[in-house]
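Participant: Handing over query.csv, CSV, C-alpha atoms.
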chain,number,residue,atom,x,y,z
A,1,MET,CA,15.2,10.7,3.6
A,2,ILE,CA,11.8,12.2,3.9
A,3,GLY,CA,11.2,14.4,6.9
A,4,LYS,CA,8.7,13.4,9.6
A,5,ASN,CA,6.6,16.5,9.1
A,6,THR,CA,6.4,16.1,5.3
A,7,THR,CA,2.9,15.8,3.9
A,8,MET,CA,2.8,13.1,1.3
A,9,LYS,CA,0.2,11.6,-1.0
A,10,ILE,CA,0.5,8.1,-2.1
A,11,ASN,CA,-0.6,7.7,-5.7
A,12,SER,CA,0.0,4.0,-6.3
A,13,VAL,CA,0.6,0.8,-4.3
A,14,ASN,CA,4.1,0.9,-5.8
A,15,ASP,CA,4.7,4.1,-3.9
A,16,ILE,CA,4.6,2.2,-0.6
A,17,ASN,CA,8.0,1.0,0.4
A,18,ASN,CA,10.1,0.6,3.6
A,19,ASP,CA,11.5,4.1,3.4
A,20,LEU,CA,8.0,5.6,3.0
A,21,LEU,CA,6.6,3.6,5.8
A,22,LYS,CA,9.4,4.8,8.1
A,23,ALA,CA,8.8,8.4,7.2
A,24,VAL,CA,5.0,8.9,7.0
A,25,GLU,CA,2.2,8.6,9.5
A,26,ALA,CA,-0.1,5.6,9.3
A,27,SER,CA,-2.9,8.0,8.4
A,28,VAL,CA,-1.3,8.7,5.0
A,29,VAL,CA,-1.3,4.9,4.1
A,30,ALA,CA,-4.8,4.6,5.6
A,31,ASP,CA,-6.1,7.5,3.5
A,32,PHE,CA,-4.7,5.9,0.4
A,33,ILE,CA,-6.3,2.6,1.1
A,34,GLU,CA,-9.6,4.2,2.0
A,35,GLU,CA,-9.6,6.2,-1.3
A,36,GLU,CA,-8.7,3.1,-3.4
A,37,LEU,CA,-11.5,1.1,-1.7
A,38,ARG,CA,-14.0,4.0,-2.3
A,39,GLN,CA,-13.1,4.1,-6.0
A,40,ALA,CA,-13.3,0.3,-6.4
A,41,SER,CA,-16.7,0.4,-4.6
A,42,GLU,CA,-18.0,3.1,-6.9
A,43,LYS,CA,-16.8,1.3,-10.0
A,44,PHE,CA,-18.4,-2.0,-8.8
A,45,VAL,CA,-21.8,-0.2,-8.2
A,46,GLU,CA,-21.6,1.4,-11.6
A,47,GLU,CA,-20.8,-2.0,-13.3
A,48,LYS,CA,-23.5,-3.8,-11.3
A,49,SER,CA,-26.1,-1.2,-12.2
A,50,LYS,CA,-25.2,-1.4,-15.9
A,51,LEU,CA,-25.4,-5.2,-15.8
A,52,GLU,CA,-28.8,-5.1,-14.0
A,53,SER,CA,-30.1,-2.7,-16.5
A,54,ASP,CA,-28.9,-4.8,-19.4
A,55,LEU,CA,-30.4,-7.9,-17.8
A,56,LYS,CA,-33.8,-6.1,-17.4
A,57,GLU,CA,-33.7,-5.0,-21.0
A,58,SER,CA,-32.9,-8.6,-22.1
A,59,HIS,CA,-35.9,-10.0,-20.1
A,60,GLU,CA,-38.2,-7.3,-21.5
A,61,ALA,CA,-37.0,-8.1,-25.1
A,62,ARG,CA,-37.5,-11.8,-24.4
A,63,GLU,CA,-41.1,-11.2,-23.2
A,64,THR,CA,-41.8,-9.1,-26.3
A,65,LEU,CA,-40.7,-12.0,-28.5
A,66,SER,CA,-42.7,-14.6,-26.6
Please express the file's structure as structure tokens.
Facilitator:
Amino acid sequence: MIGKNTTMKINSVNDINNDLLKAVEASVVADFIEEELRQASEKFVEEKSKLESDLKESHEARETLS
């Protein structure tokens, strides 16, 4: 069993199980969720920016052809 004062880092959703939840503070789980959301948000922003850039280039190419 994991000690109450043990510092843990959750690396995957699969790491979260009943034993872990009994042993760690809620802040460990909250930190993991916060980090996952931050990474997903950053990835979304990058993908959105790329799509917007591609769309702008498409519109400019279309205008050039017209």
Participant: Quick one: distance from atom CA of A:Ser12 to atom CA of A:Lys43 in Å, one decimal?
Facilitator: 17.4 Å
Participant: Between A:Leu51, A:Val13, A:Ala61, A:Leu20, which is the closest to A:Phe32 once you count all atoms listed in the file?
Facilitator: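 Result for the nearest residue to A:Phe32: A:Val13.
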Participant: Write out as a tab-separated table (two decimals) with C-alpha atoms, keeping the file's coordinate frame each polymer residue whose atoms come within 9 Å of stretch 28-31 of chain A, counting only C-alpha atoms; drop sequence neighbours fewer than 3 positions from it.
Facilitator:
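Written output follows (around-v6.tsv):
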chain	number	residue	atom	x	y	z
A	7	THR	CA	2.90	15.80	3.90
A	8	MET	CA	2.80	13.10	1.30
A	9	LYS	CA	0.20	11.60	-1.00
A	10	ILE	CA	0.50	8.10	-2.10
A	16	ILE	CA	4.60	2.20	-0.60
A	21	LEU	CA	6.60	3.60	5.80
A	24	VAL	CA	5.00	8.90	7.00
A	25	GLU	CA	2.20	8.60	9.50
A	34	GLU	CA	-9.60	4.20	2.00
A	35	GLU	CA	-9.60	6.20	-1.30
A	36	GLU	CA	-8.70	3.10	-3.40
Participant: Between atom CA of A:Glu47 and atom CA of A:Arg62, what is the distance, to one decimal in Å?
Facilitator: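 Computing it gives 22.3 Å between the two atoms.
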Participant: Record the distance separating atom CA of A:Lys48 and atom CA of A:Asn14, expressed in Å with one decimal.
Facilitator: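 According to the coordinates, atom CA of A:Lys48 and atom CA of A:Asn14 are separated by 28.5 Å.
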